[in-house]
Each structure stands twice: as C-alpha cells, then as structure tokens.
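Chemist: So here's entry.tsv, just TSV, C-alpha atoms:
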chain	number	residue	atom	x	y	z
X	1	MET	CA	21.03	-134.93	4.79
X	2	ASN	CA	24.64	-135.75	5.55
X	3	SER	CA	26.63	-132.50	5.34
X	4	GLU	CA	30.03	-134.22	5.44
X	5	SER	CA	31.69	-134.38	2.02
X	6	ALA	CA	31.38	-137.65	0.14
X	7	LEU	CA	34.61	-136.99	-1.76
X	8	PRO	CA	37.34	-139.37	-0.61
X	9	TYR	CA	40.28	-137.21	-1.61
X	10	ARG	CA	40.05	-133.64	-0.41
X	11	ASP	CA	41.81	-130.50	-1.53
X	12	THR	CA	42.25	-127.21	0.27
X	13	LYS	CA	40.35	-125.43	-2.51
X	14	PRO	CA	36.57	-125.76	-2.94
X	15	GLN	CA	36.87	-126.38	-6.70
X	16	GLY	CA	39.47	-127.78	-9.05
X	17	ALA	CA	41.53	-125.86	-11.61
X	18	PRO	CA	39.76	-126.25	-14.98
X	19	ASP	CA	42.96	-126.27	-17.02
X	20	PHE	CA	43.42	-129.81	-15.74
X	21	TYR	CA	40.72	-130.84	-18.22
X	22	TYR	CA	43.36	-130.17	-20.88
X	23	ALA	CA	45.54	-132.87	-19.34
X	24	ILE	CA	42.69	-135.36	-19.04
X	25	ASN	CA	41.84	-134.88	-22.73
X	26	ALA	CA	45.53	-135.15	-23.68
X	27	THR	CA	45.90	-138.32	-21.59
X	28	PHE	CA	43.02	-139.96	-23.45
X	29	ARG	CA	44.53	-138.96	-26.80
X	30	PHE	CA	47.95	-140.34	-25.79
X	31	ILE	CA	46.63	-143.69	-24.58
X	32	ILE	CA	44.32	-144.20	-27.56
X	33	SER	CA	46.99	-143.27	-30.11
X	34	ARG	CA	49.81	-145.23	-28.42
X	35	LEU	CA	47.98	-148.26	-27.06
X	36	GLY	CA	44.62	-148.37	-28.80
X	37	ARG	CA	41.01	-147.98	-27.77
X	38	GLU	CA	40.79	-151.33	-25.95
X	39	ALA	CA	43.73	-150.38	-23.74
X	40	TRP	CA	42.07	-147.04	-23.03
X	41	VAL	CA	38.93	-148.88	-21.89
X	42	ARG	CA	41.08	-151.09	-19.64
X	43	TYR	CA	42.75	-147.96	-18.24
X	44	LEU	CA	39.35	-146.55	-17.30
X	45	GLU	CA	38.10	-149.84	-15.88
X	46	GLU	CA	41.22	-150.34	-13.78
X	47	MET	CA	41.04	-146.76	-12.55
X	48	GLY	CA	37.41	-147.30	-11.70
X	49	ARG	CA	38.15	-150.39	-9.61
X	50	GLY	CA	41.47	-149.13	-8.20
X	51	TYR	CA	41.72	-145.40	-7.70
X	52	PHE	CA	37.98	-145.11	-7.03
X	53	GLY	CA	37.79	-148.29	-4.95
X	54	VAL	CA	37.20	-146.36	-1.74
X	55	VAL	CA	34.17	-144.65	-3.31
X	56	ASN	CA	32.85	-147.95	-4.63
X	57	GLU	CA	32.95	-149.36	-1.12
X	58	CYS	CA	30.94	-146.39	0.15
X	59	TRP	CA	28.39	-146.95	-2.60
X	60	ARG	CA	28.25	-150.68	-1.87
X	61	THR	CA	27.55	-150.12	1.82
X	62	GLY	CA	25.64	-146.85	1.57
X	63	GLY	CA	23.43	-147.65	-1.42
X	64	LEU	CA	21.81	-145.11	-3.70
X	65	GLN	CA	21.82	-142.41	-1.03
X	66	ALA	CA	25.61	-142.60	-0.99
X	67	VAL	CA	25.72	-142.51	-4.79
X	68	ALA	CA	23.57	-139.38	-4.93
X	69	HIS	CA	25.56	-137.72	-2.14
X	70	TYR	CA	28.83	-138.43	-3.95
X	71	TRP	CA	27.71	-137.00	-7.28
X	72	ARG	CA	26.27	-133.85	-5.71
X	73	ASP	CA	29.57	-133.19	-3.97
X	74	PHE	CA	31.57	-134.21	-7.03
X	75	PHE	CA	29.90	-131.74	-9.39
X	76	ALA	CA	29.94	-128.97	-6.79
X	77	ALA	CA	33.75	-129.20	-6.99
X	78	GLU	CA	33.89	-129.08	-10.79
X	79	PRO	CA	33.96	-125.45	-11.97
X	80	GLY	CA	31.15	-124.63	-14.39
X	81	ALA	CA	29.22	-127.88	-14.06
X	82	VAL	CA	25.42	-127.58	-14.18
X	83	VAL	CA	24.00	-130.89	-13.04
X	84	GLU	CA	20.81	-132.17	-11.40
X	85	VAL	CA	21.05	-135.28	-9.24
X	86	THR	CA	17.78	-137.10	-8.50
X	87	GLU	CA	17.41	-140.14	-6.29
X	88	SER	CA	14.48	-142.56	-6.57
X	89	ALA	CA	13.71	-145.98	-5.12
X	90	ASP	CA	15.83	-147.96	-7.56
X	91	CYS	CA	18.17	-145.50	-9.23
X	92	VAL	CA	20.08	-142.22	-9.16
X	93	GLU	CA	19.82	-140.06	-12.24
X	94	LEU	CA	22.36	-137.37	-13.18
X	95	VAL	CA	21.18	-134.88	-15.75
X	96	VAL	CA	24.19	-132.93	-16.97
X	97	HIS	CA	22.95	-129.69	-18.47
X	98	GLU	CA	26.45	-128.34	-18.95
X	99	CYS	CA	29.54	-130.55	-18.81
X	100	SER	CA	32.33	-128.53	-17.24
X	101	ALA	CA	35.02	-130.47	-19.11
X	102	ILE	CA	33.56	-130.13	-22.61
X	103	LYS	CA	32.80	-126.46	-21.96
X	104	HIS	CA	36.33	-125.65	-20.81
X	105	LEU	CA	38.00	-127.63	-23.57
X	106	ARG	CA	35.96	-125.74	-26.14
X	107	THR	CA	36.63	-122.38	-24.52
X	108	GLY	CA	40.33	-123.19	-24.56
X	109	GLY	CA	40.23	-124.08	-28.26
X	110	ARG	CA	41.32	-127.68	-27.64
X	111	GLU	CA	40.76	-130.54	-30.03
X	112	ILE	CA	38.56	-132.84	-27.98
X	113	VAL	CA	39.10	-136.58	-28.27
X	114	LYS	CA	35.96	-137.87	-30.01
X	115	GLU	CA	35.66	-140.72	-27.49
X	116	TYR	CA	35.75	-138.26	-24.56
X	117	CYS	CA	32.13	-138.79	-23.49
X	118	GLN	CA	32.50	-142.58	-23.54
X	119	HIS	CA	34.96	-142.32	-20.65
X	120	CYS	CA	32.07	-141.56	-18.29
X	121	TYR	CA	30.44	-144.82	-19.32
X	122	PHE	CA	33.42	-147.16	-19.13
X	123	LEU	CA	34.61	-145.63	-15.86
X	124	GLY	CA	31.10	-145.42	-14.43
X	125	ARG	CA	30.25	-148.99	-15.43
X	126	ALA	CA	33.33	-150.36	-13.67
X	127	ARG	CA	32.57	-148.37	-10.53
X	128	ALA	CA	28.92	-149.37	-10.57
X	129	GLU	CA	29.71	-153.07	-11.04
X	130	ALA	CA	32.15	-152.95	-8.14
X	131	SER	CA	29.36	-151.48	-6.04
X	132	GLY	CA	26.67	-153.98	-7.04
X	133	LEU	CA	24.93	-151.51	-9.36
X	134	THR	CA	24.44	-150.98	-13.08
X	135	MET	CA	25.18	-147.83	-15.04
X	136	ARG	CA	23.85	-146.42	-18.30
X	137	LEU	CA	24.69	-143.27	-20.24
X	138	SER	CA	22.99	-141.40	-23.06
X	139	GLY	CA	23.72	-138.12	-24.78
X	140	GLY	CA	27.08	-136.43	-24.60
X	141	ASP	CA	28.98	-133.62	-26.26
X	142	GLY	CA	28.14	-131.26	-23.41
X	143	CYS	CA	24.77	-132.54	-22.15
X	144	CYS	CA	24.06	-136.10	-21.02
X	145	ARG	CA	22.16	-138.39	-18.68
X	146	HIS	CA	23.71	-140.96	-16.35
X	147	ILE	CA	21.76	-143.59	-14.44
X	148	TYR	CA	23.15	-145.64	-11.56
X	149	ALA	CA	20.60	-148.32	-10.73
X	150	LYS	CA	20.00	-151.36	-8.58
X	151	PRO	CA	20.02	-154.61	-10.58
X	152	GLU	CA	16.28	-155.02	-9.99
X	153	ALA	CA	15.68	-151.86	-12.04
X	154	ASP	CA	16.44	-154.16	-14.97
X	155	LEU	CA	17.71	-151.44	-17.28
X	156	PRO	CA	18.02	-152.30	-20.98
X	157	PRO	CA	21.57	-152.99	-22.14
X	158	GLN	CA	23.82	-150.03	-22.85
X	159	ASP	CA	23.78	-149.00	-26.50
X	160	LEU	CA	27.11	-147.28	-27.17
X	161	ALA	CA	25.48	-145.55	-30.14
X	162	GLN	CA	23.48	-143.59	-27.58
X	163	ILE	CA	26.67	-141.83	-26.50
X	164	LYS	CA	27.54	-138.94	-28.79
X	165	GLU	CA	31.00	-138.25	-30.08
X	166	ALA	CA	32.51	-135.14	-28.57
X	167	THR	CA	33.05	-132.22	-30.92
X	168	SER	CA	35.50	-129.37	-30.49
N	1	MET	CA	33.50	-138.69	-14.90
N	2	ILE	CA	37.13	-137.96	-14.23
N	3	GLY	CA	37.17	-134.55	-12.59
N	4	CYS	CA	39.61	-131.73	-12.17
N	5	TYR	CA	39.10	-131.35	-8.39
N	6	ASP	CA	41.17	-134.46	-7.57
N	7	PHE	CA	43.20	-134.29	-10.77
N	8	CYS	CA	46.55	-134.83	-9.07
N	9	GLY	CA	45.27	-138.10	-7.62
N	10	HIS	CA	44.25	-139.78	-10.89
N	11	TYR	CA	47.17	-138.13	-12.73
N	12	GLU	CA	49.59	-139.81	-10.32
N	13	TRP	CA	47.63	-143.07	-10.59
N	14	THR	CA	48.03	-142.84	-14.36
N	15	PHE	CA	51.84	-142.75	-14.09
N	16	GLY	CA	51.77	-146.09	-12.29
N	17	TRP	CA	49.35	-147.59	-14.81
N	18	LEU	CA	51.48	-146.48	-17.76
N	19	GLU	CA	54.63	-147.87	-16.18
N	20	ARG	CA	52.98	-151.24	-15.57
N	21	VAL	CA	51.72	-151.35	-19.17
N	22	GLY	CA	54.69	-149.94	-21.07
N	23	GLY	CA	57.58	-149.37	-18.69
N	24	HIS	CA	59.58	-146.27	-17.91
N	25	GLU	CA	59.85	-145.15	-21.54
N	26	LEU	CA	56.08	-144.96	-21.87
N	27	VAL	CA	55.86	-142.73	-18.81
N	28	ARG	CA	58.56	-140.45	-20.26
N	29	ALA	CA	56.75	-140.34	-23.58
N	30	TYR	CA	53.51	-139.47	-21.79
N	31	TRP	CA	55.06	-136.52	-19.97
N	32	ASN	CA	56.60	-135.19	-23.17
N	33	GLU	CA	53.89	-135.92	-25.73
N	34	ALA	CA	50.67	-135.66	-23.74
N	35	ILE	CA	51.64	-133.03	-21.19
N	36	ASN	CA	54.39	-130.91	-22.77
N	37	HIS	CA	53.19	-130.96	-26.38
N	38	ASP	CA	49.42	-131.31	-25.90
N	39	SER	CA	47.95	-130.36	-22.53
N	40	GLN	CA	50.44	-127.58	-21.80
N	41	ARG	CA	50.75	-126.22	-25.31
N	42	HIS	CA	49.71	-122.81	-23.96
N	43	ALA	CA	52.82	-122.91	-21.79
N	44	ARG	CA	54.94	-123.85	-24.81
N	45	ASP	CA	53.56	-120.96	-26.83
N	46	LEU	CA	54.22	-118.48	-24.05
N	47	ILE	CA	57.72	-119.67	-23.16
N	48	ILE	CA	59.08	-120.43	-26.64
N	49	ASN	CA	57.89	-117.04	-27.87
N	50	GLY	CA	58.26	-114.97	-24.72
N	51	GLY	CA	61.19	-116.40	-22.72
N	52	PHE	CA	61.25	-115.20	-19.10
N	53	GLU	CA	58.23	-112.97	-19.76
N	54	GLY	CA	56.30	-115.99	-21.01
N	55	MET	CA	57.38	-118.00	-17.96
N	56	ALA	CA	56.10	-115.23	-15.70
N	57	LYS	CA	52.76	-115.20	-17.49
N	58	TYR	CA	52.41	-118.98	-17.44
N	59	TRP	CA	53.47	-119.70	-13.88
N	60	GLY	CA	51.90	-116.52	-12.58
N	61	HIS	CA	48.53	-117.81	-13.80
N	62	THR	CA	48.96	-121.53	-13.19
N	63	LEU	CA	50.47	-121.40	-9.73
N	64	LEU	CA	47.95	-118.80	-8.61
N	65	GLU	CA	45.09	-120.99	-9.85
N	66	GLU	CA	46.46	-124.13	-8.22
N	67	SER	CA	47.89	-122.49	-5.12
N	68	PRO	CA	45.79	-119.44	-4.19
N	69	ASP	CA	47.42	-119.38	-0.76
N	70	LEU	CA	50.66	-118.38	-2.51
N	71	GLY	CA	52.79	-121.26	-1.33
N	72	PHE	CA	55.40	-120.28	-3.91
N	73	ALA	CA	57.67	-117.39	-4.94
N	74	ILE	CA	58.85	-116.30	-8.37
N	75	THR	CA	62.05	-114.26	-8.72
N	76	ARG	CA	63.50	-112.87	-11.95
N	77	THR	CA	66.90	-111.43	-12.73
N	78	ASP	CA	68.44	-110.73	-16.13
N	79	GLU	CA	70.03	-114.19	-16.08
N	80	VAL	CA	67.69	-116.42	-14.10
N	81	PHE	CA	64.01	-117.22	-13.76
N	82	ARG	CA	63.58	-118.84	-10.35
N	83	ILE	CA	60.70	-120.61	-8.64
N	84	ASP	CA	60.72	-121.50	-4.94
N	85	MET	CA	57.88	-123.88	-4.11
N	86	HIS	CA	57.17	-123.99	-0.38
N	87	ASP	CA	53.86	-125.81	-0.46
N	88	CYS	CA	53.31	-127.68	-3.73
N	89	PRO	CA	49.54	-127.91	-4.27
N	90	SER	CA	50.01	-131.05	-6.33
N	91	LYS	CA	52.35	-133.11	-4.16
N	92	GLY	CA	50.60	-131.70	-1.11
N	93	PHE	CA	47.30	-133.15	-2.34
N	94	LEU	CA	48.88	-136.60	-2.62
N	95	LEU	CA	50.57	-136.41	0.78
N	96	ARG	CA	47.44	-135.22	2.56
N	97	ASN	CA	45.34	-137.97	0.97
N	98	GLY	CA	47.89	-140.76	1.29
N	99	LEU	CA	48.01	-141.46	-2.46
N	100	GLU	CA	51.01	-143.21	-4.04
N	101	ASN	CA	50.71	-145.38	-7.15
N	102	TYR	CA	54.01	-144.28	-8.72
N	103	HIS	CA	57.48	-144.27	-7.17
N	104	ASP	CA	58.37	-140.60	-7.72
N	105	TYR	CA	55.55	-138.24	-8.58
N	106	CYS	CA	57.87	-135.22	-8.46
N	107	ASP	CA	59.70	-136.45	-11.58
N	108	HIS	CA	56.72	-135.48	-13.74
N	109	CYS	CA	57.59	-131.77	-13.55
N	110	MET	CA	61.06	-132.30	-15.02
N	111	GLY	CA	59.41	-134.83	-17.32
N	112	TRP	CA	57.47	-132.15	-19.18
N	113	ILE	CA	59.19	-128.88	-18.25
N	114	GLY	CA	62.64	-130.27	-19.12
N	115	PRO	CA	61.86	-130.97	-22.79
N	116	LEU	CA	59.97	-127.68	-23.01
N	117	MET	CA	62.99	-125.77	-21.76
N	118	LYS	CA	65.28	-127.68	-24.12
N	119	ASP	CA	63.06	-126.66	-27.04
N	120	SER	CA	63.07	-123.08	-25.75
N	121	GLY	CA	66.86	-122.84	-25.30
N	122	TYR	CA	67.08	-123.04	-21.49
N	123	VAL	CA	68.58	-125.37	-18.90
N	124	ILE	CA	67.44	-126.10	-15.37
N	125	ASP	CA	69.05	-126.41	-11.97
N	126	HIS	CA	66.51	-128.04	-9.67
N	127	GLU	CA	66.03	-129.89	-6.41
N	128	HIS	CA	62.95	-131.45	-4.84
N	129	ASN	CA	62.62	-133.02	-1.41
N	130	HIS	CA	59.50	-135.15	-2.02
N	131	ARG	CA	57.64	-133.29	0.72
N	132	GLY	CA	56.10	-130.60	-1.47
N	133	GLN	CA	59.11	-128.31	-1.63
N	134	CYS	CA	61.43	-127.60	-4.54
N	135	TRP	CA	63.35	-124.89	-6.37
N	136	TRP	CA	64.07	-124.17	-10.01
N	137	ASP	CA	66.74	-121.93	-11.57
N	138	ILE	CA	66.09	-121.61	-15.30
N	139	ARG	CA	68.83	-120.02	-17.39
N	140	PRO	CA	69.61	-119.66	-21.10
N	141	ALA	CA	71.50	-122.75	-22.25
N	142	SER	CA	74.37	-120.46	-23.25
N	143	SER	CA	74.71	-119.06	-19.73
N	144	ALA	CA	77.86	-119.86	-17.80
N	145	GLY	CA	76.05	-119.22	-14.49
N	146	GLU	CA	76.52	-121.69	-11.65
N	147	SER	CA	73.70	-122.97	-9.47
N	148	SER	CA	72.70	-120.22	-7.10
N	149	LYS	CA	73.70	-120.31	-3.45
N	150	PRO	CA	70.80	-120.41	-0.96
N	151	GLY	CA	69.29	-116.96	-0.66
N	152	ALA	CA	71.41	-115.43	-3.43
N	153	ILE	CA	68.50	-114.86	-5.82
N	154	ALA	CA	65.27	-115.19	-3.86
N	155	GLY	CA	66.52	-113.90	-0.50
N	156	SER	CA	64.41	-115.07	2.42
N	157	LYS	CA	61.95	-116.74	0.00
N	158	ASP	CA	64.57	-119.34	-0.96
N	159	VAL	CA	63.04	-122.69	-0.03
N	160	ARG	CA	66.48	-124.03	0.93
N	161	LEU	CA	66.52	-121.69	3.93
N	162	ARG	CA	63.61	-123.50	5.51
N	163	PRO	CA	64.65	-125.46	8.60
N	164	ASP	CA	62.80	-128.51	7.25
N	165	TRP	CA	64.20	-128.34	3.68
N	166	ASN	CA	66.90	-130.95	4.12
N	167	GLU	CA	65.53	-133.10	6.93
N	168	SER	CA	66.19	-136.25	4.91
N	169	PRO	CA	69.22	-135.58	2.65
N	170	ALA	CA	68.87	-138.99	1.01
N	171	GLN	CA	65.47	-137.93	-0.30
N	172	LEU	CA	66.76	-134.84	-2.13
N	173	ASP	CA	66.77	-135.23	-5.91
N	174	ARG	CA	69.09	-132.85	-7.74
N	175	TYR	CA	69.54	-131.73	-11.35
N	176	GLU	CA	72.20	-129.41	-12.83
N	177	LYS	CA	71.89	-127.82	-16.28
N	178	ALA	CA	69.33	-130.47	-17.09
N	179	THR	CA	66.40	-130.86	-19.47
N	180	ASP	CA	65.54	-134.51	-18.90
N	181	SER	CA	63.86	-136.25	-15.98
N	182	ASP	CA	66.47	-139.01	-16.16
N	183	ASP	CA	69.35	-136.54	-15.67
N	184	LYS	CA	69.07	-136.86	-11.89
N	185	LEU	CA	72.48	-136.61	-10.22
Translate the structure described by the file into structure tokens.

Modeler:
Amino acid sequence: MNSESALPYRDTKPQGAPDFYYAINATFRFIISRLGREAWVRYLEEMGRGYFGVVNECWRTGGLQAVAHYWRDFFAAEPGAVVEVTESADCVELVVHECSAIKHLRTGGREIVKEYCQHCYFLGRARAEASGLTMRLSGGDGCCRHIYAKPEADLPPQDLAQIKEATS
Amino acid sequence: MIGCYDFCGHYEWTFGWLERVGGHELVRAYWNEAINHDSQRHARDLIINGGFEGMAKYWGHTLLEESPDLGFAITRTDEVFRIDMHDCPSKGFLLRNGLENYHDYCDHCMGWIGPLMKDSGYVIDHEHNHRGQCWWDIRPASSAGESSKPGAIAGSKDVRLRPDWNESPAQLDRYEKATDSDDKL
C-alpha cells in the first residue's frame, strides 16, 4: 500500500480544526439564502471541477485504488470521523458511521442547513464525472454511504430522496 | 465531502467564486453575514459581552487550535488588546500549497473582525504583509491612543521587529482606527 498521503494540499497539523465546520455550514446557508439552491449546486460543482481538479486527475489516472487511498487519508484528517473505505473490482464504498461535520455542528449547538448532506452528492458527482466515474449517495444526517464506481458498474440513477435532510 | 483539514484552501476558493458571481459587495456580505454573524457567533458572544477578556478567550482557543506551534503572541494592556501573528496558519497553508483564487486572502480577517469590533465598540490598527505575518491593536472606539510604535506593547514579540517584516513595502496593507475591510490606507 502506498504510504504517501493522497491529499493534495497538506497542512502542518495531522487533523483539521473542527470549528471550521461552522464556517462550511454558514457558507452553505449564505449561498442558498442569497443566491438560491441552484447556485449552491453550481458552487459545489465548480469547486469539484476546479479546486479538486488535481485530485480528479489522480483518480482518473490512478483508478479506484487512488480513490480509496484518497478517502482513507481524507477521513483520517477529519477529527471525529468514523468511516470504513472498501475497494472492490468496480467500485469504492465509503460507509460513514459517524460524520465528523454533523457531529461537531450538533455539539456546538449550530442550526444545520437542511441540505447539508446533499453537498457530498453534488460535489462528489462533479468530481467523479471529471474522473470518469459515477457517484451515488444514500443516508445522511450523521451516517451515510457513498459509492464511487466505474461506469460498467451500471449503478441505478441517484434518487435525491435517498439523501436525508440534516437535523440539528 | 468538504473537510476541515484543508478548510483554508476551499474557503479562499470560495472568495473568488463569490466575487465572480456577485462582485466585491457579495464577498463583503459573505464575510459579515456568514462568518461574523453565523460561523463565528461564539466569538461575537464572547467579545460583545466580555471585551478584552472575551478576546483573550476566543483567540486563546482559536489560535491555539489552528496554530499549535504558537506562531503568534497576544499582549494585553488596560488600553490595547494586541495580536502579533508571526506564522499565520491560514495564509501559511495557502502559500505552502500554492493556492490563490482570490486577489487578497488577508482581507477576510478585517472583513469579519472589523464589523464585529464595530458592533462591540472597538477600532483596529492593523497591518499585514501577505506573507503570513500581521499585527492588530484593538482599542475602545473612544480611546485617543495612537498606533503603537514597534516593540512598545509586545516587546520582542512585535512582528514588525522581524528582519523580514517589511521586505516588500509595497505589499504592506495598513488600517488605522478601522472596522471595515475597505478602509485600507
């Protein structure tokens, strides 16, 4: 297994500061209230193709092994995340037992944007498409399941109703 | 998922996105509404209710969490709450990773702290050099105090005494008795 970090942007600390989840939640609230939900989806899609472009390229060239490596390193740097990452022949599955963001927002008594969990789908879909993959999400509100798959896995279409609203 | 580990990277990217979508005023509104009034409402509660004591609690916690290597110094007198930032964990992250999607990331601090201090009855003298170093003198708005001379408040911890502080004078941004990110001199 490759021991070098798959994270493209590195900090001097092993994990992030969880209070930043407050700002992410507040950013979603601001964009949705000022610009509307469609603009918020565009924001996530453009971030997925732009800011995360360097990761997408690694996924495109490195395949599912690179996807699994990235998510293992990603969640290791998120304080409080409890996540299993499993790689198979045609997909990578992330089972989030405890979402570090939802947990910290609740602990901090923050009003969580109800669309919060959808951000993982719209962002993940854009990143997957840029990498030649497909992405699906189910669950939410603290526990969820993400799948990044090769096109030949022929996953059924995403049903947005399968993504729960976040509750505070 | 958008994570907190590389927060400063996508936060800075967001400034650029907002400016492209809604111009400078939307970025200013974001810093004030989303950061000052929403994300950092714990800072507002502490500072509006506790003054310098609240500032010490807020920045003592936040800077320690973001900068465990103590790349900063806090100094308090009866008249001034001062921060000397020698190694900004936020700007440092961007510099180390070569990230720039917005023309002046450092403006975001005055963008949310300025309105907070205005609401709390304080004004700010501040400079940043865009290389991860800055200083802040926060005084009651009623204070007649002038900007401090280098070393006068923080002694040897004053960031302006660093040999590399003013390597590019044209890159120094300065504020006097300000509470608005657009009050740059």

Chemist: May I ask which of the residues X:Tyr70, X:Phe75, X:Tyr43, X:Tyr22 is the closest one to Glu111 (chain X), counting only C-alpha atoms?

Modeler: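 With only C-alpha atoms as the atom set, the closest residue is X:Tyr22.
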
Chemist: Give me the residues of chain N that have any atom at most 7 Å from an atom of chain X; for each, the nearest atom pair and the distance in Å, rounded to one decimal. Use all atoms listed in the file, sort by chain and number, and format it as JSON lines.

Modeler:
{"residue": "N:Met1", "atom": "CA", "partner": "X:Cys120", "partner_atom": "CA", "distance": 4.7}
{"residue": "N:Gly3", "atom": "CA", "partner": "X:Glu78", "partner_atom": "CA", "distance": 6.6}
{"residue": "N:Cys4", "atom": "CA", "partner": "X:Gly16", "partner_atom": "CA", "distance": 5.0}
{"residue": "N:Tyr5", "atom": "CA", "partner": "X:Gly16", "partner_atom": "CA", "distance": 3.6}
{"residue": "N:Asp6", "atom": "CA", "partner": "X:Tyr9", "partner_atom": "CA", "distance": 6.6}
{"residue": "N:Phe7", "atom": "CA", "partner": "X:Phe20", "partner_atom": "CA", "distance": 6.7}
{"residue": "N:His10", "atom": "CA", "partner": "X:Tyr51", "partner_atom": "CA", "distance": 6.9}
{"residue": "N:Trp13", "atom": "CA", "partner": "X:Tyr51", "partner_atom": "CA", "distance": 7.0}
{"residue": "N:Tyr30", "atom": "CA", "partner": "X:Phe30", "partner_atom": "CA", "distance": 6.9}
{"residue": "N:Ala34", "atom": "CA", "partner": "X:Ala26", "partner_atom": "CA", "distance": 5.2}
{"residue": "N:Ile35", "atom": "CA", "partner": "X:Ala23", "partner_atom": "CA", "distance": 6.4}
{"residue": "N:Asp38", "atom": "CA", "partner": "X:Ala26", "partner_atom": "CA", "distance": 5.9}
{"residue": "N:Ser39", "atom": "CA", "partner": "X:Ala23", "partner_atom": "CA", "distance": 4.7}
{"residue": "N:Glu65", "atom": "CA", "partner": "X:Ala17", "partner_atom": "CA", "distance": 6.3}
{"residue": "N:Glu66", "atom": "CA", "partner": "X:Ala17", "partner_atom": "CA", "distance": 6.2}
{"residue": "N:Phe93", "atom": "CA", "partner": "X:Asp11", "partner_atom": "CA", "distance": 6.1}
{"residue": "N:Asn97", "atom": "CA", "partner": "X:Tyr9", "partner_atom": "CA", "distance": 5.7}

Chemist: If we draw a sphere of 6 Å around (35.8, -130.8, -29.4), which residues have at least one atom in it when counting all atoms listed in the file? Please report them as a list in words.

Modeler: Glu111, Ile112, Ala166, Thr167 and Ser168 of chain X

Chemist: Output C-alpha atoms of each residue in that selection to a file, as a compact mmCIF listing (two decimals), keeping the file's coordinate frame.

Modeler:
# COMPACT_ATOMS: atom_id res chain seq x y z
CA GLU X 111 40.76 -130.54 -30.03
CA ILE X 112 38.56 -132.84 -27.98
CA ALA X 166 32.51 -135.14 -28.57
CA THR X 167 33.05 -132.22 -30.92
CA SER X 168 35.50 -129.37 -30.49

Chemist: Within 7 Å of (61.4, -136.4, -19.6), in the coordinates the file gives, what residues turn up when you count all atoms listed in the file, written out as a VMD selection string?

Modeler: chain N and resid 28 31 to 32 110 to 112 114 to 115 180 to 182

Chemist: As an MDAnalysis selection string, please: the residues near Leu94 (chain N) (cut-off 12 Å, all atoms listed in the file, same-chain neighbours under 2 positions excluded).

Modeler: (chainID X and resid 9:12) or (chainID N and resid 6:13 88:92 96:102 104:106 130:132)

Chemist: Now that the selection is made, can you save its residues with C-alpha atoms as an mmCIF file, keeping the file's coordinate frame?

Modeler:
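For reference, result-v7.cif as written:
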data_model
loop_
_atom_site.group_PDB
_atom_site.id
_atom_site.type_symbol
_atom_site.label_atom_id
_atom_site.label_comp_id
_atom_site.auth_asym_id
_atom_site.auth_seq_id
_atom_site.Cartn_x
_atom_site.Cartn_y
_atom_site.Cartn_z
ATOM 1 C CA TYR X 9 40.280 -137.210 -1.610
ATOM 2 C CA ARG X 10 40.050 -133.640 -0.410
ATOM 3 C CA ASP X 11 41.810 -130.500 -1.530
ATOM 4 C CA THR X 12 42.250 -127.210 0.270
ATOM 5 C CA ASP N 6 41.170 -134.460 -7.570
ATOM 6 C CA PHE N 7 43.200 -134.290 -10.770
ATOM 7 C CA CYS N 8 46.550 -134.830 -9.070
ATOM 8 C CA GLY N 9 45.270 -138.100 -7.620
ATOM 9 C CA HIS N 10 44.250 -139.780 -10.890
ATOM 10 C CA TYR N 11 47.170 -138.130 -12.730
ATOM 11 C CA GLU N 12 49.590 -139.810 -10.320
ATOM 12 C CA TRP N 13 47.630 -143.070 -10.590
ATOM 13 C CA CYS N 88 53.310 -127.680 -3.730
ATOM 14 C CA PRO N 89 49.540 -127.910 -4.270
ATOM 15 C CA SER N 90 50.010 -131.050 -6.330
ATOM 16 C CA LYS N 91 52.350 -133.110 -4.160
ATOM 17 C CA GLY N 92 50.600 -131.700 -1.110
ATOM 18 C CA ARG N 96 47.440 -135.220 2.560
ATOM 19 C CA ASN N 97 45.340 -137.970 0.970
ATOM 20 C CA GLY N 98 47.890 -140.760 1.290
ATOM 21 C CA LEU N 99 48.010 -141.460 -2.460
ATOM 22 C CA GLU N 100 51.010 -143.210 -4.040
ATOM 23 C CA ASN N 101 50.710 -145.380 -7.150
ATOM 24 C CA TYR N 102 54.010 -144.280 -8.720
ATOM 25 C CA ASP N 104 58.370 -140.600 -7.720
ATOM 26 C CA TYR N 105 55.550 -138.240 -8.580
ATOM 27 C CA CYS N 106 57.870 -135.220 -8.460
ATOM 28 C CA HIS N 130 59.500 -135.150 -2.020
ATOM 29 C CA ARG N 131 57.640 -133.290 0.720
ATOM 30 C CA GLY N 132 56.100 -130.600 -1.470
#

Chemist: With only C-alpha atoms as the basis for distance, which of N:Thr62, N:Gln40, N:Thr14, N:Thr77 is at the shortest distance from Ser148 (chain N)?

Modeler: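 Ranking N:Thr62, N:Gln40, N:Thr14, N:Thr77 by distance to Ser148 (chain N), first place goes to N:Thr77.
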
Chemist: Extract, using only C-alpha atoms, all DNA, RNA and protein residues at most 7 Å from Ile147 (chain X), discarding same-chain residues fewer than 2 positions from it, and format them as a PyMOL selection string.

Modeler: chain X and resi 91-94+135-137+145+149

Chemist: Only C-alpha atoms, please: the residues just picked out, written as a compact mmCIF listing (two decimals), in the coordinates of the input.

Modeler:
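Output file again_19.txt follows:
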# COMPACT_ATOMS: atom_id res chain seq x y z
CA CYS X 91 18.17 -145.50 -9.23
CA VAL X 92 20.08 -142.22 -9.16
CA GLU X 93 19.82 -140.06 -12.24
CA LEU X 94 22.36 -137.37 -13.18
CA MET X 135 25.18 -147.83 -15.04
CA ARG X 136 23.85 -146.42 -18.30
CA LEU X 137 24.69 -143.27 -20.24
CA ARG X 145 22.16 -138.39 -18.68
CA ALA X 149 20.60 -148.32 -10.73

Chemist: So which one's closest to Glu45 (chain X), X:Arg125, X:Arg72, X:His104, X:Lys150? Using all atoms listed in the file, please.

Modeler: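 The answer is X:Arg125, which sits nearest to Glu45 (chain X).
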
Chemist: When distances are computed from only C-alpha atoms, which of N:Trp165, N:Trp59, N:Tyr175, N:Phe52 shows the smallest separation from Pro140 (chain N)?

Modeler: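 So, comparing all the options, the nearest one is N:Phe52.
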
Chemist: How many Å lie between CA of Arg162 (chain N) and CA of Arg174 (chain N), rounded to one decimal?

Modeler: 17.1 Å

Chemist: Find, counting only C-alpha atoms, the residue in N:Pro163, N:Ser147, N:His126, N:Ile113 that gets nearest to Met85 (chain N).

Modeler: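 Between N:Pro163, N:Ser147, N:His126, N:Ile113, the residue approaching Met85 (chain N) most closely is N:His126.
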
Chemist: Would you list the contacts of Ile74 (chain N) as a list in words, taking every protein, DNA or RNA residue within 8 Å and counting only C-alpha atoms, but skipping same-chain residues closer than 3 positions in sequence?

Modeler: Ala56, Phe81, Arg82, Ile83, Asp84 and Ala154 of chain N

Chemist: For Glu165 (chain X), which residue among X:His146, X:Lys114, X:His69, X:Arg42 is the nearest when counting only C-alpha atoms?

Modeler: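 Closest to Glu165 (chain X) of all the choices is X:Lys114.
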